[in-house]
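Trainee: The following block contains the structure, expressed as structure tokens.
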Amino acid sequence: MFVRNCWYVIAWDHEIPLDQANGQIFTRTVLGEPIVVYRAGTELVALADRCCHRGAPLSKGRLEGSNLRCGYHGLLFNPQGQCIEVPGMDTAPAKACVKRYPVVAKNKWIFVWMGEPEKADLAMLPDNYSCDSPDWKNLPGYMHYDTNYLLICDNLLDFSHLSYVHEKTLGGSTAIAQSRADVSDITAPSQRGLRVKRYVAELPSPPSYQRVHNFTGTIERWWDYDFVLPGTLLMKSGGRPSKNNAVDRGEVELHSCQTLTPETENSTHYFFQQGHKTGQGDAELAGAMYQMLLRAFQEDKDMIGAQSATLAMSLDFKMLPLHLDGALTRFRHLIEIEAGQEALAAAARVQTSVIAAPQRSTATA
Amino acid sequence: MFVRNCWYVIAWDHEIPLDQANGQIFTRTVLGEPIVVYRAGTELVALADRCCHRGAPLSKGRLEGSNLRCGYHGLLFNPQGQCIEVPGMDTAPAKACVKRYPVVAKNKWIFVWMGEPEKADLAMLPDNYSCDSPDWKNLPGYMHYDTNYLLICDNLLDFSHLSYVHEKTLGGSTAIAQSRADVSDITAPSQRGLRVKRYVAELPSPPSYQRVHNFTGTIERWWDYDFVLPGTLLMKSGGRPSKNNAVDRGEVELHSCQTLTPETENSTHYFFQQGHKTGQGDAELAGAMYQMLLRAFQEDKDMIGAQSATLAMSLDFKMLPLHLDGALTRFRHLIEIEAGQEALAAAARVQTSVIAAPQRSTATA
Amino acid sequence: MFVRNCWYVIAWDHEIPLDQANGQIFTRTVLGEPIVVYRAGTELVALADRCCHRGAPLSKGRLEGSNLRCGYHGLLFNPQGQCIEVPGMDTAPAKACVKRYPVVAKNKWIFVWMGEPEKADLAMLPDNYSCDSPDWKNLPGYMHYDTNYLLICDNLLDFSHLSYVHEKTLGGSTAIAQSRADVSDITAPSQRGLRVKRYVAELPSPPSYQRVHNFTGTIERWWDYDFVLPGTLLMKSGGRPSKNNAVDRGEVELHSCQTLTPETENSTHYFFQQGHKTGQGDAELAGAMYQMLLRAFQEDKDMIGAQSATLAMSLDFKMLPLHLDGALTRFRHLIEIEAGQEALAAAARVQTSVIAAPQRSTATA
């Protein structure tokens, strides 16, 4: 079950080559649809990676200026997806074309719109500002999951797992799981999702924090994030000396952008970065933070992969909702509602087109 | 098709760690159900390896004394499978629990009961005495099959294949296939299965026998075994000089225990050992016997794997019953009857509970 | 969808051992049916590679003279597929037999007939003369595809792809795709298929041609082939100086035989060779031609594999027929007609046998 009227991240900006003279053509599958992305000058182009002729992937062809030629029989497509040349024919048939997807870059994330093209609205892009800002330093991350994306949404919507899955990396204390998250709905129509806040008053300062500021006692930590459709986390987190620590007034501030793009029903792309303020920390902090994140996300992937394999053997199993599942239950519900409304709208469009179609005249007796 | 009201071997005793401070938690799947087995002091515990919360495998968690903590969100379960702690909640909900399986060790085999718990009857355990006896020496074996267990039952129920599959290991003569097995039903309610006896009057003495006793001529050999539900072979075999050999009065006596535990419909666990009398043979005999058994069982696995692959391509194929299939045909029939009776009993339980449930009052007109 | 009343190539002649004392028994799957092929003296034998007893593959058994013994329980089959010995039984039951396939060798290709045996007609064998002729030199090739055979038929029925898929090997010019092929039906009842001719007036001479004849200017090239059921290409191709090239009167003449044998619905065997005239070219030409063919066919395999993977994700996709698809559209249509007629004939046989069967007498009132 996917929500289609959404911007989905298909790539980091650096994954789409600038000079395409002799490179691979970028292709990635989103919601089960293989999509080729390339640059026509400074414009991005996203086309179905499947020639309309016999289904060969266009990404195995070659770019000729702004146009893309199929490597099987040589059909040439322009950036609108229209075929403009068939070798051996004087003119290409008008119906020879491939699907074009709205595509846009924002702060180094390349987004494609998977729903009705006329509904593609730039206001619906998430505010992933720290991905590309002089104020923030980070390294871009990508990970591939062989699991449905909802299990990973679940994970990101409940940080109580930091105490157990990430005991030795991000967590370090059972106090995180003991705390309760504050969850509220985001009501802006362009940003459908949840706001989640979690605060812990006393925790040891993790090693990465110590590279920014040399805390001498326990600290208080917070994680404040929006989790919006289709599956994007935008988070401020940080820490400063606990209230009973009167001496040390420093503060660590982080910003993280993470997003899940379903590849198929059973696999997911995961794009992420976590940035710290420019000028804070040592010179190698961005690299160290990235490595720690990778290690922690591999812990998630191990657990979620094992969970997914167990669920695949357990067709009758029903999950048991607990208080800690508040956010993820609401987010799954939101996806059901949105996907359901899209299905109803699609059915209505079909009905309208049937009614509007010219009817055969009925002979009167 | 599985018979559920049975003890299934899930492990050799040495596979379940005694000291669980820093080890992996043992998990194995039986009849499609992943099961974690651990020791709470001297007691064995077998629980569903699937947290009731969100389906994560408990075997990726950790033991805390006699209790098992899920590694995803930290739910803690006691040896009865009851959740006794949810991080962040004052009390764990009563319905938070995982399935507990009756589990028992007997002669180094660890058995779990897969049926209705109240029917678990220790009298139904097989008499695998030679697995752990001062009178017998052996090494424990385990093999994993990617085939349905019934094809392996078939193999163990017809030793005529020794002449062909094991021509160079256990067999060594076509005389085994020429002989006829005597097959009878075992009627004890606790041991449902067949008794199979095969005798060959003149055979060369196999190399392993020569390590026990230096026979100078041909020998007579016998294989007498019970094959009982769910798929357990308990066998006395041996040999001594043929009747026409008046000089040499030595005898070789072996006892073997082998059992098949379906992992899924398409894969099987195979536990086995073949022991010789303590004090007989040379010091390395147990190791040599184990290696020969492994080699022979690999021959079976190659043949059964090839058979299984061929059958998978042959949906219309019907096996052709021959006289040599007497035992395996009867055993497959026994499984059908037992599994069928269990299915009927389960249906009756559902019906009873429906009748017993309070009914809605019907308004009278 | 397969046409069954056809000769299918199952092997190159050299793949079936002459001396079978200690070798593997040859087995290959055709139309989903595993088939064992061996030599009984100078006669070829093709039998279902599945024992009628319990489905074990006979290819894991052993040859005893002209007979084949199953390696599981020792049933012995003669070259007609009749079981002539069951160990432990006085006589083998008459119904114990495996399917025998008509099999014949012609010019180093071994063919099996997959349809009704009484329709097996040697006149339907293709004229693969250059596979075994003193006039032609070649090396035999084999490749395995993990795709349906029709996608490979498509490829062989439209050489416009030479310009793009084989730009750097067989093609070398977009002029091939610019040309139009002349396609006509073959009407001989024993050779059902299409005749395809393609001619290009001016092309650079490819490296392999230069090894035969040192052309100094552009050449004209032609590809004339029959493509006949079930999927066999028989092609004359060649080149000579273009008409405006008055000096150089040499000519290159090649003959190629290629055939596709479906292994299953999703995999295909591909047998091929391309020969040049004996005495022409240098001593290493046959090897060089073979290597170039392998490289080019790997280019096809990469493209067709990618096409197949894309189609597998695109259940709603409809191919768009273009003029260049004339031959492949007609060939697919021919397969549909032939397979359809076979299905109708099979249904009629069933009906006839039902009508012909003795009927129960109906008691009159």
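The way I read the labels, and the way they are meant: chains A, B, ... in the order of the structure tokens, residue 1 as the first residue of every chain, and ligand 1 as the first ligand shown, with later ones counted on from there.
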I need the chain A residues near chain C as a list in words; criterion: at most 8 Å, counting only C-alpha atoms.

Mentor: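 Interface list for chain A against chain C: Gly32, Glu33, Pro34, Arg50, Cys52, His53, Arg54, Gly55, Ala56, Pro57, Lys60, Gly71, Tyr72, His73, Gly74, Pro87, Gly88, Met89 and Ala96 of chain A.
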
Trainee: Is it possible to see chain B as a compact mmCIF listing (two decimals) with C-alpha atoms, in the first residue's frame, once it has been laid onto chain A by a least-squares fit on every C-alpha atom in order?

Mentor:
# COMPACT_ATOMS: atom_id res chain seq x y z
CA MET B 1 -0.03 0.13 -0.01
CA PHE B 2 1.54 3.37 -1.18
CA VAL B 3 0.49 7.01 -1.12
CA ARG B 4 1.15 8.21 -4.67
CA ASN B 5 0.50 11.97 -4.46
CA CYS B 6 3.85 12.58 -2.81
CA TRP B 7 7.37 13.64 -3.60
CA TYR B 8 9.68 10.65 -3.18
CA VAL B 9 13.45 11.00 -2.96
CA ILE B 10 14.98 8.97 -5.78
CA ALA B 11 18.62 10.02 -5.39
CA TRP B 12 21.18 12.23 -3.82
CA ASP B 13 22.13 15.02 -6.21
CA HIS B 14 25.68 13.70 -6.66
CA GLU B 15 24.35 10.35 -7.92
CA ILE B 16 23.14 11.94 -11.20
CA PRO B 17 26.27 12.57 -13.32
CA LEU B 18 26.88 16.12 -14.55
CA ASP B 19 28.98 14.99 -17.49
CA GLN B 20 27.16 12.17 -19.19
CA ALA B 21 29.53 11.57 -22.09
CA ASN B 22 30.68 8.14 -21.03
CA GLY B 23 28.84 7.27 -17.87
CA GLN B 24 26.14 4.92 -16.77
CA ILE B 25 22.67 6.37 -16.95
CA PHE B 26 21.16 6.58 -13.48
CA THR B 27 18.18 4.32 -12.84
CA ARG B 28 16.31 3.43 -9.66
CA THR B 29 12.96 1.78 -9.00
CA VAL B 30 10.31 3.68 -7.00
CA LEU B 31 6.95 2.12 -6.03
CA GLY B 32 7.75 -0.73 -8.41
CA GLU B 33 8.39 1.59 -11.37
CA PRO B 34 11.92 1.76 -12.80
CA ILE B 35 12.81 5.39 -13.48
CA VAL B 36 15.78 6.83 -15.35
CA VAL B 37 17.04 10.26 -14.22
CA TYR B 38 19.45 12.42 -16.20
CA ARG B 39 20.35 16.06 -16.80
CA ALA B 40 19.37 17.89 -19.97
CA GLY B 41 21.74 20.80 -19.46
CA THR B 42 20.76 22.20 -16.06
CA GLU B 43 17.30 20.62 -16.13
CA LEU B 44 16.57 17.27 -14.52
CA VAL B 45 14.64 14.69 -16.54
CA ALA B 46 12.88 11.64 -15.08
CA LEU B 47 11.40 9.10 -17.48
CA ALA B 48 10.04 5.57 -17.18
CA ASP B 49 13.02 3.28 -17.61
CA ARG B 50 11.14 1.11 -20.09
CA CYS B 51 11.00 1.67 -23.81
CA CYS B 52 7.41 1.84 -25.07
CA HIS B 53 8.38 -0.36 -28.01
CA ARG B 54 9.34 -3.71 -26.46
CA GLY B 55 10.04 -2.89 -22.82
CA ALA B 56 13.82 -2.70 -22.87
CA PRO B 57 15.28 -0.47 -20.12
CA LEU B 58 16.32 2.91 -21.53
CA SER B 59 19.13 3.09 -18.98
CA LYS B 60 21.00 0.56 -21.11
CA GLY B 61 20.89 3.05 -24.01
CA ARG B 62 22.78 6.29 -24.41
CA LEU B 63 22.27 10.03 -24.09
CA GLU B 64 22.50 12.11 -27.24
CA GLY B 65 22.49 15.69 -25.99
CA SER B 66 19.21 16.12 -24.14
CA ASN B 67 17.66 13.05 -25.71
CA LEU B 68 17.83 9.42 -24.67
CA ARG B 69 18.24 6.62 -27.22
CA CYS B 70 17.11 3.06 -26.49
CA GLY B 71 20.00 0.62 -26.83
CA TYR B 72 17.89 -2.17 -28.30
CA HIS B 73 16.31 -0.84 -31.51
CA GLY B 74 17.42 2.77 -31.38
CA LEU B 75 14.21 4.70 -30.62
CA LEU B 76 15.12 8.25 -29.54
CA PHE B 77 13.15 10.07 -26.79
CA ASN B 78 13.19 13.76 -25.91
CA PRO B 79 13.11 15.07 -22.30
CA GLN B 80 9.29 15.10 -22.44
CA GLY B 81 9.34 11.35 -23.05
CA GLN B 82 8.13 11.74 -26.66
CA CYS B 83 9.73 9.44 -29.23
CA ILE B 84 11.22 11.65 -31.94
CA GLU B 85 12.96 9.04 -34.10
CA VAL B 86 12.45 5.40 -35.04
CA PRO B 87 15.32 4.05 -37.18
CA GLY B 88 13.96 3.12 -40.62
CA MET B 89 10.77 5.20 -40.30
CA ASP B 90 10.29 8.67 -41.70
CA THR B 91 8.40 9.89 -38.64
CA ALA B 92 7.89 8.46 -35.20
CA PRO B 93 4.28 7.59 -34.33
CA ALA B 94 2.68 10.07 -31.91
CA LYS B 95 1.69 7.34 -29.49
CA ALA B 96 5.33 6.28 -29.08
CA CYS B 97 6.21 7.87 -25.76
CA VAL B 98 7.27 6.97 -22.26
CA LYS B 99 5.89 8.30 -18.98
CA ARG B 100 7.52 11.46 -17.71
CA TYR B 101 7.70 12.12 -13.97
CA PRO B 102 7.81 15.59 -12.37
CA VAL B 103 11.29 15.83 -10.88
CA VAL B 104 12.95 18.49 -8.75
CA ALA B 105 16.10 18.96 -6.70
CA LYS B 106 15.95 20.54 -3.27
CA ASN B 107 18.92 20.72 -0.93
CA LYS B 108 20.73 17.85 -2.69
CA TRP B 109 17.77 15.50 -2.61
CA ILE B 110 16.27 14.65 -6.02
CA PHE B 111 12.51 14.13 -5.74
CA VAL B 112 10.10 12.51 -8.19
CA TRP B 113 6.33 12.89 -8.01
CA MET B 114 4.59 9.53 -8.28
CA GLY B 115 0.96 10.70 -8.39
CA GLU B 116 -1.22 12.70 -10.74
CA PRO B 117 1.17 15.18 -12.44
CA GLU B 118 -1.23 18.13 -12.12
CA LYS B 119 -1.18 17.74 -8.33
CA ALA B 120 2.61 18.01 -8.09
CA ASP B 121 3.06 20.91 -5.68
CA LEU B 122 6.47 22.25 -4.67
CA ALA B 123 4.99 23.33 -1.33
CA MET B 124 4.76 19.67 -0.45
CA LEU B 125 8.54 19.23 -0.52
CA PRO B 126 9.91 18.66 2.98
CA ASP B 127 12.17 21.22 4.61
CA ASN B 128 15.43 19.27 4.41
CA TYR B 129 17.51 22.45 4.84
CA SER B 130 20.46 20.93 6.66
CA CYS B 131 21.24 18.67 3.67
CA ASP B 132 22.74 21.68 1.91
CA SER B 133 23.55 24.62 4.10
CA PRO B 134 26.73 26.50 5.00
CA ASP B 135 25.59 26.28 8.63
CA TRP B 136 25.59 22.49 8.77
CA LYS B 137 28.17 19.81 8.07
CA ASN B 138 27.27 16.23 7.18
CA LEU B 139 27.96 13.32 4.84
CA PRO B 140 25.18 11.86 2.65
CA GLY B 141 24.10 8.29 3.40
CA TYR B 142 22.21 5.62 1.51
CA MET B 143 21.14 2.13 2.54
CA HIS B 144 19.05 -0.53 0.80
CA TYR B 145 16.53 -2.61 2.75
CA ASP B 146 14.94 -5.88 1.67
CA THR B 147 11.85 -5.13 3.72
CA ASN B 148 8.60 -3.23 3.35
CA TYR B 149 9.04 0.45 4.19
CA LEU B 150 6.37 0.50 6.93
CA LEU B 151 8.53 -1.59 9.27
CA ILE B 152 11.22 1.08 8.94
CA CYS B 153 8.70 3.90 9.49
CA ASP B 154 7.68 2.07 12.68
CA ASN B 155 11.29 2.06 13.78
CA LEU B 156 11.76 5.79 13.19
CA LEU B 157 8.50 6.63 14.94
CA ASP B 158 9.46 5.04 18.22
CA PHE B 159 12.83 5.95 19.68
CA SER B 160 12.34 3.73 22.70
CA HIS B 161 14.26 1.19 20.64
CA LEU B 162 17.40 3.33 21.11
CA SER B 163 17.74 1.77 24.54
CA TYR B 164 17.88 -1.77 23.19
CA VAL B 165 18.80 -1.91 19.50
CA HIS B 166 21.34 0.88 19.90
CA GLU B 167 22.47 0.13 23.41
CA LYS B 168 26.12 0.46 22.38
CA THR B 169 25.84 3.20 19.74
CA LEU B 170 23.12 5.87 19.87
CA GLY B 171 21.38 4.84 23.07
CA GLY B 172 23.47 3.89 26.03
CA SER B 173 20.73 4.00 28.66
CA THR B 174 17.36 2.46 29.34
CA ALA B 175 16.15 5.91 30.36
CA ILE B 176 15.22 6.67 26.75
CA ALA B 177 12.73 3.79 26.66
CA GLN B 178 11.42 4.82 30.11
CA SER B 179 10.52 8.27 28.81
CA ARG B 180 7.29 8.94 26.96
CA ALA B 181 7.14 10.70 23.62
CA ASP B 182 4.74 13.55 23.05
CA VAL B 183 2.94 12.99 19.73
CA SER B 184 0.73 15.47 17.88
CA ASP B 185 -0.70 15.78 14.37
CA ILE B 186 0.73 18.20 11.85
CA THR B 187 -2.23 19.87 10.23
CA ALA B 188 -0.63 21.80 7.37
CA PRO B 189 -2.11 20.34 4.16
CA SER B 190 1.30 20.35 2.49
CA GLN B 191 2.98 18.48 5.35
CA ARG B 192 0.83 15.57 6.47
CA GLY B 193 2.29 13.70 9.40
CA LEU B 194 3.19 13.75 13.06
CA ARG B 195 5.28 15.83 15.41
CA VAL B 196 7.16 13.75 17.97
CA LYS B 197 9.02 15.12 20.99
CA ARG B 198 11.01 13.11 23.47
CA TYR B 199 12.98 14.51 26.40
CA VAL B 200 15.23 12.74 28.91
CA ALA B 201 16.50 14.72 31.90
CA GLU B 202 19.62 12.77 32.77
CA LEU B 203 21.81 10.71 30.49
CA PRO B 204 25.51 10.09 30.07
CA SER B 205 26.94 12.14 27.21
CA PRO B 206 27.60 9.92 24.16
CA PRO B 207 31.11 9.85 22.58
CA SER B 208 30.07 11.89 19.56
CA TYR B 209 28.75 14.67 21.81
CA GLN B 210 32.07 14.74 23.64
CA ARG B 211 33.79 15.58 20.36
CA VAL B 212 31.69 18.76 20.19
CA HIS B 213 31.74 19.74 23.83
CA ASN B 214 33.63 18.27 26.75
CA PHE B 215 30.72 17.71 29.15
CA THR B 216 31.76 16.86 32.66
CA GLY B 217 28.54 15.34 34.04
CA THR B 218 25.23 13.95 32.87
CA ILE B 219 23.29 15.82 30.22
CA GLU B 220 19.69 16.29 29.25
CA ARG B 221 18.85 15.20 25.69
CA TRP B 222 15.97 15.87 23.34
CA TRP B 223 14.73 14.58 20.01
CA ASP B 224 12.11 16.77 18.30
CA TYR B 225 11.03 15.71 14.87
CA ASP B 226 8.40 15.87 12.21
CA PHE B 227 7.66 12.62 10.44
CA VAL B 228 5.77 13.41 7.25
CA LEU B 229 4.41 11.57 4.23
CA PRO B 230 5.61 9.56 2.46
CA GLY B 231 8.17 8.66 5.17
CA THR B 232 10.46 11.55 5.95
CA LEU B 233 12.03 12.41 9.28
CA LEU B 234 13.21 15.98 9.95
CA MET B 235 14.78 16.15 13.37
CA LYS B 236 16.42 18.54 15.77
CA SER B 237 18.23 16.73 18.52
CA GLY B 238 20.81 17.71 21.05
CA GLY B 239 21.92 17.86 24.62
CA ARG B 240 23.20 20.15 27.35
CA PRO B 241 24.20 19.75 30.99
CA SER B 242 21.43 18.42 33.20
CA LYS B 243 19.61 21.01 35.29
CA ASN B 244 21.48 19.96 38.40
CA ASN B 245 24.76 20.62 36.60
CA ALA B 246 25.34 24.31 37.23
CA VAL B 247 28.81 24.69 35.81
CA ASP B 248 28.82 23.58 32.21
CA ARG B 249 26.66 25.72 29.93
CA GLY B 250 27.61 24.18 26.51
CA GLU B 251 25.09 22.72 24.13
CA VAL B 252 25.16 20.23 21.25
CA GLU B 253 22.74 20.83 18.39
CA LEU B 254 22.17 18.36 15.56
CA HIS B 255 19.85 18.28 12.59
CA SER B 256 18.99 15.11 10.72
CA CYS B 257 17.06 14.44 7.51
CA GLN B 258 16.08 10.88 6.69
CA THR B 259 13.62 9.55 4.16
CA LEU B 260 12.24 6.19 3.06
CA THR B 261 11.34 5.50 -0.55
CA PRO B 262 9.65 2.17 -1.27
CA GLU B 263 11.43 0.40 -4.11
CA THR B 264 8.81 -2.37 -4.21
CA GLU B 265 6.37 -3.81 -1.67
CA ASN B 266 9.31 -5.73 -0.23
CA SER B 267 12.27 -3.39 -0.52
CA THR B 268 13.11 0.18 0.40
CA HIS B 269 15.63 2.93 -0.32
CA TYR B 270 16.83 4.81 2.75
CA PHE B 271 18.49 8.24 2.34
CA PHE B 272 19.87 9.94 5.42
CA GLN B 273 22.27 12.42 6.94
CA GLN B 274 22.83 13.88 10.38
CA GLY B 275 24.55 17.24 10.51
CA HIS B 276 26.24 19.28 13.20
CA LYS B 277 26.77 23.04 13.30
CA THR B 278 29.63 24.26 11.11
CA GLY B 279 32.63 25.24 13.20
CA GLN B 280 31.70 23.04 16.12
CA GLY B 281 33.56 19.84 16.90
CA ASP B 282 36.81 18.62 15.44
CA ALA B 283 37.71 18.41 11.78
CA GLU B 284 36.89 14.73 11.46
CA LEU B 285 33.53 14.97 13.26
CA ALA B 286 31.37 14.72 10.13
CA GLY B 287 33.11 11.49 9.11
CA ALA B 288 32.92 10.04 12.61
CA MET B 289 29.22 10.95 12.92
CA TYR B 290 28.53 9.32 9.55
CA GLN B 291 30.32 6.12 10.58
CA MET B 292 28.44 5.97 13.88
CA LEU B 293 25.15 6.49 12.05
CA LEU B 294 26.00 3.72 9.58
CA ARG B 295 26.81 1.37 12.45
CA ALA B 296 23.57 2.21 14.23
CA PHE B 297 21.48 1.94 11.06
CA GLN B 298 23.02 -1.46 10.40
CA GLU B 299 21.78 -2.46 13.87
CA ASP B 300 18.29 -1.35 12.83
CA LYS B 301 18.57 -3.19 9.55
CA ASP B 302 19.60 -6.43 11.27
CA MET B 303 16.67 -6.19 13.67
CA ILE B 304 14.09 -5.14 11.07
CA GLY B 305 15.31 -7.78 8.62
CA ALA B 306 14.92 -10.44 11.33
CA GLN B 307 11.49 -9.07 12.25
CA SER B 308 10.43 -9.11 8.60
CA ALA B 309 11.61 -12.72 8.16
CA THR B 310 9.73 -13.75 11.29
CA LEU B 311 6.55 -11.99 10.17
CA ALA B 312 6.80 -13.69 6.76
CA MET B 313 6.54 -17.05 8.58
CA SER B 314 3.61 -15.84 10.71
CA LEU B 315 0.64 -15.14 8.52
CA ASP B 316 -1.83 -15.34 11.41
CA PHE B 317 0.18 -13.13 13.75
CA LYS B 318 -1.38 -9.89 14.98
CA MET B 319 0.83 -7.19 16.46
CA LEU B 320 -0.06 -6.16 20.03
CA PRO B 321 -0.41 -2.37 20.28
CA LEU B 322 1.25 -0.84 23.35
CA HIS B 323 1.44 2.76 24.57
CA LEU B 324 4.84 3.20 22.93
CA ASP B 325 3.25 2.55 19.53
CA GLY B 326 1.16 5.73 19.60
CA ALA B 327 3.05 7.53 16.84
CA LEU B 328 3.52 4.59 14.50
CA THR B 329 -0.11 3.51 14.84
CA ARG B 330 -1.25 7.01 13.91
CA PHE B 331 1.16 7.20 10.98
CA ARG B 332 0.05 3.84 9.58
CA HIS B 333 -3.52 5.05 9.94
CA LEU B 334 -2.67 8.25 8.05
CA ILE B 335 -1.20 6.21 5.18
CA GLU B 336 -4.31 4.03 5.07
CA ILE B 337 -6.55 7.09 4.87
CA GLU B 338 -4.50 8.84 2.19
CA ALA B 339 -4.05 5.71 0.08
CA GLY B 340 -7.74 4.93 0.49
CA GLN B 341 -8.77 8.41 -0.65
CA GLU B 342 -6.50 8.13 -3.68
CA ALA B 343 -8.06 4.79 -4.58
CA LEU B 344 -11.57 6.29 -4.30
CA ALA B 345 -10.58 9.27 -6.45
CA ALA B 346 -9.08 6.96 -9.08
CA ALA B 347 -12.28 4.90 -9.16
CA ALA B 348 -14.34 8.09 -9.55
CA ARG B 349 -12.16 9.21 -12.48
CA VAL B 350 -12.76 5.90 -14.23
CA GLN B 351 -16.51 6.20 -13.65
CA THR B 352 -16.58 9.77 -14.96
CA SER B 353 -14.74 8.81 -18.12
CA VAL B 354 -17.15 5.93 -18.70
CA ILE B 355 -20.17 8.22 -18.36
CA ALA B 356 -18.56 10.85 -20.56
CA ALA B 357 -17.72 8.36 -23.34
CA PRO B 358 -20.03 8.41 -26.38
CA GLN B 359 -22.61 5.67 -26.01
CA ARG B 360 -23.86 3.33 -28.69
CA SER B 361 -27.25 4.33 -29.94
CA THR B 362 -29.98 1.97 -28.93
CA ALA B 363 -32.44 1.09 -31.65
CA THR B 364 -36.02 1.79 -30.61
CA ALA B 365 -38.53 -0.96 -31.26

Trainee: From segment 166-293 of chain A, collect each residue whose DSSP state is strand (DSSP E or B) and return the set as JSON, numbers by chain.

Mentor: {"A": [182, 183, 184, 185, 186, 193, 194, 195, 196, 197, 198, 199, 200, 201, 202, 203, 219, 220, 221, 222, 223, 224, 225, 226, 227, 228, 232, 233, 234, 235, 236, 237, 238, 239, 240, 241, 252, 253, 254, 255, 256, 257, 258, 259, 260, 261, 262, 263, 264, 267, 268, 269, 270, 271, 272, 273, 274, 275, 276, 277]}

Trainee: Would you put the residues from that selection into a file with C-alpha atoms, as a short mmCIF file (atom, residue, chain, number, x, y, z; two decimals), in the first residue's frame?

Mentor:
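Saved file out04.cif follows:
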data_model
loop_
_atom_site.label_atom_id
_atom_site.label_comp_id
_atom_site.auth_asym_id
_atom_site.auth_seq_id
_atom_site.Cartn_x
_atom_site.Cartn_y
_atom_site.Cartn_z
CA ASP A 182 4.73 13.53 23.03
CA VAL A 183 2.93 12.95 19.73
CA SER A 184 0.71 15.41 17.85
CA ASP A 185 -0.74 15.71 14.35
CA ILE A 186 0.69 18.11 11.81
CA GLY A 193 2.27 13.63 9.37
CA LEU A 194 3.16 13.69 13.04
CA ARG A 195 5.25 15.79 15.39
CA VAL A 196 7.14 13.71 17.96
CA LYS A 197 9.00 15.10 20.96
CA ARG A 198 11.02 13.12 23.46
CA TYR A 199 12.99 14.54 26.38
CA VAL A 200 15.24 12.80 28.92
CA ALA A 201 16.49 14.80 31.87
CA GLU A 202 19.63 12.88 32.79
CA LEU A 203 21.84 10.81 30.53
CA ILE A 219 23.30 15.93 30.22
CA GLU A 220 19.68 16.38 29.24
CA ARG A 221 18.85 15.26 25.68
CA TRP A 222 15.97 15.90 23.30
CA TRP A 223 14.73 14.59 19.99
CA ASP A 224 12.10 16.77 18.27
CA TYR A 225 11.02 15.68 14.85
CA ASP A 226 8.38 15.83 12.18
CA PHE A 227 7.64 12.56 10.43
CA VAL A 228 5.74 13.34 7.24
CA THR A 232 10.45 11.51 5.94
CA LEU A 233 12.02 12.38 9.27
CA LEU A 234 13.18 15.96 9.93
CA MET A 235 14.76 16.12 13.37
CA LYS A 236 16.39 18.53 15.73
CA SER A 237 18.22 16.76 18.50
CA GLY A 238 20.78 17.78 21.02
CA GLY A 239 21.91 17.93 24.57
CA ARG A 240 23.18 20.25 27.31
CA PRO A 241 24.20 19.87 30.96
CA VAL A 252 25.14 20.29 21.21
CA GLU A 253 22.72 20.88 18.35
CA LEU A 254 22.16 18.39 15.54
CA HIS A 255 19.81 18.28 12.57
CA SER A 256 18.96 15.09 10.70
CA CYS A 257 17.05 14.42 7.49
CA GLN A 258 16.08 10.84 6.69
CA THR A 259 13.61 9.50 4.16
CA LEU A 260 12.24 6.13 3.05
CA THR A 261 11.33 5.43 -0.56
CA PRO A 262 9.66 2.08 -1.28
CA GLU A 263 11.45 0.31 -4.10
CA THR A 264 8.85 -2.47 -4.20
CA SER A 267 12.31 -3.46 -0.50
CA THR A 268 13.13 0.12 0.41
CA HIS A 269 15.64 2.86 -0.31
CA TYR A 270 16.84 4.78 2.75
CA PHE A 271 18.49 8.20 2.35
CA PHE A 272 19.87 9.91 5.43
CA GLN A 273 22.26 12.42 6.92
CA GLN A 274 22.80 13.88 10.36
CA GLY A 275 24.52 17.27 10.50
CA HIS A 276 26.21 19.30 13.18
CA LYS A 277 26.72 23.07 13.26
#

Trainee: Among the residues of segment 100-250 of chain B, find those DSSP assigns to alpha helix (DSSP H) from the backbone and print them as a ChimeraX atom specification.

Mentor: /B:149-156,175-178,207-212
